[in-house]
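Structure file run-v4.pdb (PDB, C-alpha atoms and all ligand atoms) is printed below.
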```
ATOM      1  CA  MET A  15       9.105 -49.148  28.107  1.00  0.00           C
ATOM      2  CA  ALA A  16       9.738 -51.180  25.050  1.00  0.00           C
ATOM      3  CA  LEU A  17      11.782 -54.318  25.421  1.00  0.00           C
ATOM      4  CA  LEU A  18      15.120 -55.172  23.866  1.00  0.00           C
ATOM      5  CA  ILE A  19      16.575 -58.477  22.666  1.00  0.00           C
ATOM      6  CA  THR A  20      20.222 -58.871  23.639  1.00  0.00           C
ATOM      7  CA  HIS A  21      22.961 -60.874  21.966  1.00  0.00           C
ATOM      8  CA  LYS A  22      22.156 -63.831  24.216  1.00  0.00           C
ATOM      9  CA  CYS A  23      19.415 -64.585  21.658  1.00  0.00           C
ATOM     10  CA  ILE A  24      19.877 -67.962  19.963  1.00  0.00           C
ATOM     11  CA  ASN A  25      17.348 -67.263  17.182  1.00  0.00           C
ATOM     12  CA  CYS A  26      15.047 -70.028  18.359  1.00  0.00           C
ATOM     13  CA  ASP A  27      11.977 -68.350  16.779  1.00  0.00           C
ATOM     14  CA  MET A  28       9.814 -68.809  19.880  1.00  0.00           C
ATOM     15  CA  CYS A  29       9.024 -65.176  20.591  1.00  0.00           C
ATOM     16  CA  GLU A  30       8.226 -63.809  17.140  1.00  0.00           C
ATOM     17  CA  PRO A  31       4.846 -65.533  16.593  1.00  0.00           C
ATOM     18  CA  GLU A  32       3.770 -64.875  20.196  1.00  0.00           C
ATOM     19  CA  CYS A  33       3.963 -61.078  20.090  1.00  0.00           C
ATOM     20  CA  PRO A  34       0.423 -59.637  19.945  1.00  0.00           C
ATOM     21  CA  ASN A  35       1.723 -56.502  18.222  1.00  0.00           C
ATOM     22  CA  GLN A  36       3.961 -58.038  15.545  1.00  0.00           C
ATOM     23  CA  ALA A  37       6.813 -56.097  17.120  1.00  0.00           C
ATOM     24  CA  ILE A  38       9.408 -58.872  16.760  1.00  0.00           C
ATOM     25  CA  SER A  39      11.218 -59.714  13.553  1.00  0.00           C
ATOM     26  CA  MET A  40      14.508 -61.195  12.422  1.00  0.00           C
ATOM     27  CA  GLY A  41      17.270 -58.595  12.217  1.00  0.00           C
ATOM     28  CA  ASN A  42      20.702 -58.863  10.657  1.00  0.00           C
ATOM     29  CA  GLU A  43      21.989 -61.325  13.261  1.00  0.00           C
ATOM     30  CA  ILE A  44      19.359 -61.846  15.915  1.00  0.00           C
ATOM     31  CA  TYR A  45      15.717 -61.103  16.466  1.00  0.00           C
ATOM     32  CA  GLU A  46      14.822 -57.472  17.105  1.00  0.00           C
ATOM     33  CA  ILE A  47      11.949 -55.607  18.749  1.00  0.00           C
ATOM     34  CA  ASP A  48      10.393 -52.578  17.056  1.00  0.00           C
ATOM     35  CA  SER A  49      10.073 -50.141  19.953  1.00  0.00           C
ATOM     36  CA  ASP A  50       7.248 -48.339  18.149  1.00  0.00           C
ATOM     37  CA  ARG A  51       5.137 -51.511  18.358  1.00  0.00           C
ATOM     38  CA  CYS A  52       6.182 -52.978  21.728  1.00  0.00           C
ATOM     39  CA  THR A  53       3.697 -52.170  24.491  1.00  0.00           C
ATOM     40  CA  GLU A  54       5.182 -54.564  27.103  1.00  0.00           C
ATOM     41  CA  CYS A  55       2.072 -56.582  26.181  1.00  0.00           C
ATOM     42  CA  ILE A  56      -0.194 -54.150  28.003  1.00  0.00           C
ATOM     43  CA  GLY A  57      -3.832 -54.886  27.146  1.00  0.00           C
ATOM     44  CA  HIS A  58      -2.991 -58.474  26.180  1.00  0.00           C
ATOM     45  CA  TYR A  59      -1.034 -60.138  28.964  1.00  0.00           C
ATOM     46  CA  ASP A  60      -0.076 -59.455  32.566  1.00  0.00           C
ATOM     47  CA  LYS A  61       3.598 -59.583  31.691  1.00  0.00           C
ATOM     48  CA  PRO A  62       5.650 -59.477  28.499  1.00  0.00           C
ATOM     49  CA  THR A  63       4.895 -62.729  26.726  1.00  0.00           C
ATOM     50  CA  CYS A  64       8.136 -62.732  24.742  1.00  0.00           C
ATOM     51  CA  GLN A  65      10.029 -62.904  28.032  1.00  0.00           C
ATOM     52  CA  SER A  66       7.770 -65.742  29.172  1.00  0.00           C
ATOM     53  CA  VAL A  67       8.448 -67.906  26.114  1.00  0.00           C
ATOM     54  CA  CYS A  68      12.150 -67.147  25.696  1.00  0.00           C
ATOM     55  CA  PRO A  69      14.176 -70.186  26.795  1.00  0.00           C
ATOM     56  CA  ILE A  70      17.295 -68.167  27.646  1.00  0.00           C
ATOM     57  CA  ASP A  71      17.084 -66.175  30.887  1.00  0.00           C
ATOM     58  CA  ASN A  72      17.626 -62.422  30.699  1.00  0.00           C
ATOM     59  CA  THR A  73      17.792 -62.344  26.910  1.00  0.00           C
ATOM     60  CA  ILE A  74      14.861 -59.968  26.561  1.00  0.00           C
ATOM     61  CA  ILE A  75      15.277 -56.950  28.793  1.00  0.00           C
ATOM     62  CA  ILE A  76      13.803 -53.510  29.337  1.00  0.00           C
ATOM     63  CA  ASN A  77      15.152 -51.104  26.725  1.00  0.00           C
ATOM     64  CA  PRO A  78      16.705 -48.240  28.732  1.00  0.00           C
ATOM     65  CA  ASP A  79      16.481 -45.947  25.696  1.00  0.00           C
ATOM     66  CA  HIS A  80      12.701 -46.296  25.452  1.00  0.00           C
ATOM     67  CA  LYS A  81      11.242 -45.384  28.799  1.00  0.00           C
ATOM     68  CA  GLU A  82       7.498 -44.848  28.593  1.00  0.00           C
ATOM     69  CA  THR A  83       4.742 -44.334  31.104  1.00  0.00           C
ATOM     70  CA  ASN A  84       1.863 -46.780  31.398  1.00  0.00           C
ATOM     71  CA  GLU A  85      -0.311 -44.129  29.794  1.00  0.00           C
ATOM     72  CA  ALA A  86       2.010 -43.943  26.783  1.00  0.00           C
ATOM     73  CA  LEU A  87       1.936 -47.731  26.467  1.00  0.00           C
ATOM     74  CA  TRP A  88      -1.862 -47.700  26.493  1.00  0.00           C
ATOM     75  CA  ASP A  89      -1.869 -44.978  23.831  1.00  0.00           C
ATOM     76  CA  LYS A  90       0.350 -47.200  21.701  1.00  0.00           C
ATOM     77  CA  PHE A  91      -1.987 -50.145  22.254  1.00  0.00           C
ATOM     78  CA  VAL A  92      -4.980 -48.071  21.110  1.00  0.00           C
ATOM     79  CA  VAL A  93      -3.189 -46.873  17.971  1.00  0.00           C
ATOM     80  CA  LEU A  94      -2.009 -50.369  17.090  1.00  0.00           C
ATOM     81  CA  HIS A  95      -5.361 -52.014  17.615  1.00  0.00           C
ATOM     82  CA  HIS A  96      -7.695 -49.174  16.627  1.00  0.00           C
ATOM     83  CA  THR A  97      -9.757 -49.541  19.780  1.00  0.00           C
ATOM     84  CA  VAL A  98     -11.381 -46.681  21.625  1.00  0.00           C
TER      85      VAL A  98
HETATM   86 FE1  LIG A 101       5.771 -58.017  21.755  1.00  0.00          FE
HETATM   87 FE2  LIG A 101       4.916 -58.008  24.245  1.00  0.00          FE
HETATM   88 FE3  LIG A 101       7.422 -58.674  23.740  1.00  0.00          FE
HETATM   89 FE4  LIG A 101       6.689 -56.157  23.419  1.00  0.00          FE
HETATM   90  S1  LIG A 101       6.723 -57.282  25.365  1.00  0.00           S
HETATM   91  S2  LIG A 101       7.887 -57.353  21.973  1.00  0.00           S
HETATM   92  S3  LIG A 101       4.569 -56.379  22.744  1.00  0.00           S
HETATM   93  S4  LIG A 101       5.608 -59.816  23.113  1.00  0.00           S
HETATM   94 FE1  LIG A 102      15.878 -65.094  20.767  1.00  0.00          FE
HETATM   95 FE2  LIG A 102      14.580 -65.598  23.052  1.00  0.00          FE
HETATM   96 FE3  LIG A 102      13.254 -64.831  20.870  1.00  0.00          FE
HETATM   97 FE4  LIG A 102      14.368 -67.261  20.994  1.00  0.00          FE
HETATM   98  S1  LIG A 102      12.664 -66.496  22.264  1.00  0.00           S
HETATM   99  S2  LIG A 102      14.406 -65.855  19.240  1.00  0.00           S
HETATM  100  S3  LIG A 102      16.241 -66.801  22.145  1.00  0.00           S
HETATM  101  S4  LIG A 102      14.760 -63.616  22.026  1.00  0.00           S
END
```
Write out the structure in this file as structure tokens.
Ligand code: SF4
Ligand code: SF4
Amino acid sequence: MALLITHKCINCDMCEPECPNQAISMGNEIYEIDSDRCTECIGHYDKPTCQSVCPIDNTIIINPDHKETNEALWDKFVVLHHTV
């Protein structure tokens, strides 16, 4: 599943440079995650690194509209990083 940034976000800028897939960018009001680029950090970290660096608990959550299997996340990783 891709992750989602909720309105608890305080625009602290911590997560954006940490994303290994450049999935995070500033939106109209708060930071947003591009679900086409978010792999839950699979292939890079054991757990989503944006959640690890975010100073506000429960700001970055699982996006219920983007449920994906582990296999789908790995496919996304391969496409994003051109690895075989
Ligand atoms: Fe980026 Fe990982 Fe957060 Fe997804 S879970 S937005 S890939 S840092
Ligand atoms: Fe918002 Fe958390 Fe990212 Fe800071 S680290 S910009 S509070 S989502």
How would you write, as a VMD selection string, the set of residues no farther than 7 Å from ligand LIG 102 (chain A) when counting all atoms listed in the file?
-> chain A and resid 19 22 to 30 44 to 45 64 67 to 70 73 to 74
Hey, could you pull the box centre and edge lengths for ligand LIG 101 (chain A), axis-aligned, 4 Å padding per side, all listed atoms, to one decimal in Å, as AutoDock Vina command-line options?
```
--center_x 6.2 --center_y -58.0 --center_z 23.6 --size_x 11.3 --size_y 11.7 --size_z 11.6
```
Using only C-alpha atoms and all ligand atoms, determine which residues fall within 10 Å of ligand LIG 101 (chain A), then list them as a VMD selection string.
-> chain A and resid 15 to 19 29 to 39 46 to 68 74 to 76 87 91
Atom-to-atom span, CA of Gly41 (chain A) and CA of Glu82 (chain A), Å = 23.5 Å
Figure out the distance between CA of Lys90 (chain A) and CA of Asn77 (chain A), please, to one decimal in Å.
-> 16.1 Å
So how far away is CA of Asn84 (chain A) from CA of Thr20 (chain A), in Å?
->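 Between these atoms lies a distance of 23.3 Å.
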